[in-house]
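Engineer: Following this message is one structure expressed as C-alpha cells.
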Amino acid sequence: MKIRNNDIATTAVHAGNQSDSANNAIFTPIVTASSFIQPNLFEGGDFCYSRVSNPTRKAYESALSELEGGIYATATSSGMAATNLVMELLPKNSHIIAMRGVYGGTWRLFEKLKATTAGTTISYVDLNDTDKLINSIQKNTRLIWIETPTNPLLELVDIEKICKISKEYKIMTCVDNTFASAWNHKPLEMGADIVMLSTSKYIGGHSDLIGGAVITNVPEIAKDLDFVKTTLGSIASPFDAYLALRGMKTLDVRMQRQCSNALLVAEFLEMHPLVKNVYYPGLPSHPQHKLCKRQMRSGGAVVTATLNCTIEDLKKFISGLRLFVLAESLGGVESMVNHSASMSHGAMTKAEREVIGVFDTTLRFSIGIENFNDLIQDLDSALSNIKTTQGNNYA
C-alpha cells in the first residue's frame with residue numbers, strides 16, 4: 001500500500017503489502033513452509049519455494065522497499081550477507097572506492113575476502129574531498145561505497161554530491177544506511193542506486209534478530225539482485241522477517257526518543273573533563289554539523305567518545321555502568337556501550353585502527369529509549385571511577 005503523504009511514521013506502520021488473504025489477520029503471519037502446492041503443471045502460484053520467495057518475507061520486503069523509497073528490496077540473513085550480495089553484482093577484478101573509516105566488518109569483507117577471491121581492489125577515500133575522489137577513479141571502478149554516518153566516528157558523506165559525480169562517471173553507488181535509517185535520511189531520494197542495511201539494528205530495534213537488506217530503485221539492478229539472491233540463497237528466515245517487520249512499525253517513536261536522548265548524552269560528555277573527544281553530528285562542534293542539519297533529520301542515536309584515561313581506568317568505567325550494557329551491536333531499545341578497538345574493529349591492527357582515529361579508549365554508545373536523566377546519571381557515576389588524568393594523552 002503506497003502512503004500518499006509519505007510520512008515516515010505512517011509508512012513504517014502501513015507500508016507494503018502486508019495483507020493476509022487467507023485469514024485477514026491484522027498482522028502478517030509467520031509462514032514456515034519451505035515449498036508451496038502449485039495449482040497446475042506449468043501454472044505456478046504466487047509462491048513455489050521459500051528460497052525464492054516466502055509470504056512473510058515478501059510482506060516485509062515490500063514494506064522495506066517503500067520505507068526507503070525503492071522499487072525492490074531483498075531481506076538477507078545478516079547485514080554482512082547484504083553487503084556481500086552487493087559485492088556479487090560486480091565483475092571480477094573490479095575497483096571499489098569506499099569511504100575511509102568504514103565499519104570493521106565491511107573492511108574485513110573487502111580486504112580479507114574480496115581482494116583475494118575476486119581480485120577486488122579498494123581505495124579508502126574521504127568522499128567529501130571531491131578532488132581525491134575523482135583522482136581515485138580508475139577504468140575498472142564499478143562501485144562507490146558510502147557509509148554515513150561512519151562506524152564509529154560518525155563522519156558524514158554528502159550523498160547527493162557523491163551520487164552526482166558517480167553518475168557522471170557511470171559508477172554505481174551504494175549507501176550503508178544502517179546508522180541513520182530511513183528515519184534520518186533516504187539515500188535513494190538523493191541519487192543513490194542502492195541502500196544496504198543491517199536490519200539487526202534500528203529496523204528490528206529490539207536486539208532479538210540478525211538480518212540485513214538491500215534496496216534499490218533501479219530496475220536493472222533490481223533484476224540482478226533478485227537473480228543473485230535466488231542463486232546464493234542468503235535470505236532472511238520467516239521468523240526474522242516477522243520480527244523485523246514488527247519492529248519496523250515502531251521505528252518512528254523509537255528514533256524520536258533515541259535521537260533526542262543521544263543529543264543530550266553528547267552534550268553531557270562534551271562538557272566532562274575526562275572525555276577527550278566527542279563525535280556526534282548533532283553537536284555544533286562536529287566539523288560536519290552543517291551537513292548534518294541539511295541532510296539528516298537529527299544527529300542520530302549513536303554517540304562516540306574517546307576518554308582521557310588508562311585502559312585500566314576504562315575497565316573501571318565500563319564495569320561501573322548499570323544501564324549501559326557492554327555489547328557488540330547497536331540500535332536496540334536498551335542503551336549499549338561498545339569498545340570499538342576490540343569489538344567492531346577487532347579485525348584491524350592497532351596501527352590500522354589509529355589511522356582512522358579508533359583508539360584503545362574509544363567507546364561507541366548506542367543510546368536507547370530510557371529516561372535521559374537516568375542515562376546521564378549512569379555515565380556520570382561510572383566516570384567518577386576514573387582518576388582525573390587531564391593533561392595526559394592516553395589516546
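Chain labels A, B, ... are given in the sequence in which chains occur in the C-alpha cells; within each chain residues are numbered consecutively from 1, and ligands are likewise numbered from 1 in the order shown.
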Looking only at helix (DSSP H, G or I) from DSSP on the backbone, list the matching residues of segment 187-393 of chain A as a PyMOL selection string.

Structural biologist: chain A and resi 187-190+219-232+238-248+251-271+289-295+311-320+350-355+372-383

Engineer: List as a PDB file with all heavy atoms, in the first residue's frame the protein and nucleic acid residues near segment 100-105 of chain A, meaning an atom at most 6 Å away when only C-alpha atoms are counted, but skip any in the same chain fewer than 6 places from it.

Structural biologist:
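around_30.pdb written:
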```
ATOM      1  N   TYR A 124      40.389   3.674  -0.084  1.00  0.00           N
ATOM      2  CA  TYR A 124      39.647   4.305   1.002  1.00  0.00           C
ATOM      3  C   TYR A 124      39.918   5.800   0.951  1.00  0.00           C
ATOM      4  O   TYR A 124      41.059   6.246   1.081  1.00  0.00           O
ATOM      5  CB  TYR A 124      40.069   3.713   2.344  1.00  0.00           C
ATOM      6  CG  TYR A 124      39.782   2.226   2.421  1.00  0.00           C
ATOM      7  CD1 TYR A 124      40.786   1.294   2.149  1.00  0.00           C
ATOM      8  CD2 TYR A 124      38.505   1.757   2.728  1.00  0.00           C
ATOM      9  CE1 TYR A 124      40.529  -0.066   2.193  1.00  0.00           C
ATOM     10  CE2 TYR A 124      38.239   0.401   2.783  1.00  0.00           C
ATOM     11  CZ  TYR A 124      39.248  -0.508   2.514  1.00  0.00           C
ATOM     12  OH  TYR A 124      38.984  -1.855   2.551  1.00  0.00           O
ATOM     13  N   VAL A 125      38.848   6.561   0.764  1.00  0.00           N
ATOM     14  CA  VAL A 125      38.979   7.984   0.453  1.00  0.00           C
ATOM     15  C   VAL A 125      38.007   8.781   1.315  1.00  0.00           C
ATOM     16  O   VAL A 125      36.904   8.307   1.631  1.00  0.00           O
ATOM     17  CB  VAL A 125      38.657   8.236  -1.041  1.00  0.00           C
ATOM     18  CG1 VAL A 125      38.723   9.712  -1.389  1.00  0.00           C
ATOM     19  CG2 VAL A 125      39.593   7.434  -1.937  1.00  0.00           C
ATOM     20  N   ASP A 126      38.425   9.983   1.695  1.00  0.00           N
ATOM     21  CA  ASP A 126      37.474  10.931   2.282  1.00  0.00           C
ATOM     22  C   ASP A 126      36.566  11.384   1.144  1.00  0.00           C
ATOM     23  O   ASP A 126      36.957  12.197   0.305  1.00  0.00           O
ATOM     24  CB  ASP A 126      38.209  12.119   2.898  1.00  0.00           C
ATOM     25  CG  ASP A 126      37.245  13.158   3.480  1.00  0.00           C
ATOM     26  OD1 ASP A 126      36.012  12.966   3.384  1.00  0.00           O
ATOM     27  OD2 ASP A 126      37.729  14.179   4.003  1.00  0.00           O
ATOM     28  N   THR A 150      29.656   7.200   9.616  1.00  0.00           N
ATOM     29  CA  THR A 150      30.559   6.055   9.685  1.00  0.00           C
ATOM     30  C   THR A 150      30.555   5.462  11.090  1.00  0.00           C
ATOM     31  O   THR A 150      30.170   6.104  12.068  1.00  0.00           O
ATOM     32  CB  THR A 150      31.993   6.460   9.310  1.00  0.00           C
ATOM     33  OG1 THR A 150      32.447   7.483  10.219  1.00  0.00           O
ATOM     34  CG2 THR A 150      32.061   6.969   7.889  1.00  0.00           C
ATOM     35  N   ASN A 151      31.003   4.224  11.150  1.00  0.00           N
ATOM     36  CA  ASN A 151      31.065   3.484  12.409  1.00  0.00           C
ATOM     37  C   ASN A 151      32.534   3.325  12.811  1.00  0.00           C
ATOM     38  O   ASN A 151      33.299   2.695  12.075  1.00  0.00           O
ATOM     39  CB  ASN A 151      30.435   2.113  12.200  1.00  0.00           C
ATOM     40  CG  ASN A 151      30.481   1.218  13.418  1.00  0.00           C
ATOM     41  OD1 ASN A 151      30.893   1.621  14.492  1.00  0.00           O
ATOM     42  ND2 ASN A 151      30.051  -0.026  13.251  1.00  0.00           N
ATOM     43  N   SER A 344      33.921  -3.932  17.214  1.00  0.00           N
ATOM     44  CA  SER A 344      33.550  -3.648  15.824  1.00  0.00           C
ATOM     45  C   SER A 344      34.753  -3.576  14.898  1.00  0.00           C
ATOM     46  O   SER A 344      34.657  -3.889  13.709  1.00  0.00           O
ATOM     47  CB  SER A 344      32.751  -2.342  15.746  1.00  0.00           C
ATOM     48  OG  SER A 344      33.523  -1.244  16.179  1.00  0.00           O
ATOM     49  N   HIS A 345      35.918  -3.158  15.423  1.00  0.00           N
ATOM     50  CA  HIS A 345      37.120  -3.021  14.592  1.00  0.00           C
ATOM     51  C   HIS A 345      38.238  -3.950  15.050  1.00  0.00           C
ATOM     52  O   HIS A 345      39.420  -3.676  14.851  1.00  0.00           O
ATOM     53  CB  HIS A 345      37.594  -1.563  14.586  1.00  0.00           C
ATOM     54  CG  HIS A 345      36.699  -0.657  13.802  1.00  0.00           C
ATOM     55  ND1 HIS A 345      35.392  -0.418  14.147  1.00  0.00           N
ATOM     56  CD2 HIS A 345      36.904   0.044  12.655  1.00  0.00           C
ATOM     57  CE1 HIS A 345      34.838   0.401  13.267  1.00  0.00           C
ATOM     58  NE2 HIS A 345      35.730   0.682  12.359  1.00  0.00           N
ATOM     59  N   ILE A 356      42.556   5.632  11.303  1.00  0.00           N
ATOM     60  CA  ILE A 356      41.209   6.173  11.094  1.00  0.00           C
ATOM     61  C   ILE A 356      40.648   6.827  12.353  1.00  0.00           C
ATOM     62  O   ILE A 356      39.513   7.316  12.345  1.00  0.00           O
ATOM     63  CB  ILE A 356      40.241   5.083  10.589  1.00  0.00           C
ATOM     64  CG1 ILE A 356      40.073   3.970  11.628  1.00  0.00           C
ATOM     65  CG2 ILE A 356      40.705   4.529   9.257  1.00  0.00           C
ATOM     66  CD1 ILE A 356      38.990   2.962  11.262  1.00  0.00           C
TER      67      ILE A 356
END
```

Engineer: Would you write out, as JSON lines, a table of all residues in segment 163-201 of chain A that have an atom no more than 10 Å from an atom of segment 238-249 of chain A, listing for each the closest atom pair and the distance in Å to one decimal, considering only C-alpha atoms and ordering rows by chain and rising residue number?

Structural biologist:
```
{"residue": "A:Thr199", "atom": "CA", "partner": "A:Ala244", "partner_atom": "CA", "distance": 7.1}
{"residue": "A:Ser200", "atom": "CA", "partner": "A:Ala244", "partner_atom": "CA", "distance": 7.8}
{"residue": "A:Lys201", "atom": "CA", "partner": "A:Ala244", "partner_atom": "CA", "distance": 9.5}
```

Engineer: As a PyMOL selection string, please: the residues near Ser35 of chain A (cut-off 10 Å, only C-alpha atoms, same-chain neighbours under 3 positions excluded).

Structural biologist: chain A and resi 32+38+47-54

Engineer: Rounded to one decimal place, report the atom CA of Ala347 of chain A-atom CA of Gly332 of chain A distance in Å.

Structural biologist: 23.8 Å

Engineer: Which of these, A:Val333, A:Ile369, A:Val265, A:Ile122, has the shortest distance to Tyr202 of chain A once you count only C-alpha atoms?

Structural biologist: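 Of A:Val333, A:Ile369, A:Val265, A:Ile122, the one nearest Tyr202 of chain A is A:Val333, counting only C-alpha atoms.
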
Engineer: Ile144 of chain A: which residues within 8 Å, counting only C-alpha atoms, same-chain residues fewer than 3 positions away excluded, as JSON, numbers by chain?

Structural biologist: {"A": [96, 97, 98, 166, 171, 172, 173, 174]}

Engineer: Just checking: using only C-alpha atoms, which residue out of A:Val358, A:Ala192, A:Ala73, A:Ala305 ends up closest to Ala222 of chain A?

Structural biologist: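 Looking only at the distances to Ala222 of chain A, the closest residue turns out to be A:Ala73.
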
Engineer: Quick check, in Å to one decimal: how far apart do atom CA of Leu156 of chain A and atom CA of Cys292 of chain A lie?

Structural biologist: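 Atom CA of Cys292 of chain A lies 7.4 Å from atom CA of Leu156 of chain A.
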
Engineer: List the spatial neighbours of Leu251 of chain A as a JSON list (two decimals) with C-alpha atoms, in the first residue's frame - criterion: any atom at most 9 Å away, only C-alpha atoms, same-chain residues fewer than 6 positions off excluded.

Structural biologist:
```
[["chain", "number", "residue", "atom", "x", "y", "z"],
["A", 8, "ILE", "CA", 7.63, 8.04, 7.76],
["A", 9, "ALA", "CA", 5.60, 7.38, 10.91],
["A", 12, "ALA", "CA", 6.57, 2.45, 8.95],
["A", 13, "VAL", "CA", 3.23, 1.06, 10.12],
["A", 183, "TRP", "CA", 14.03, 7.91, 9.59],
["A", 202, "TYR", "CA", 17.16, 0.17, 14.09],
["A", 203, "ILE", "CA", 14.71, -1.66, 11.83],
["A", 204, "GLY", "CA", 14.34, -4.56, 14.27],
["A", 205, "GLY", "CA", 15.11, -2.33, 17.21]]
```
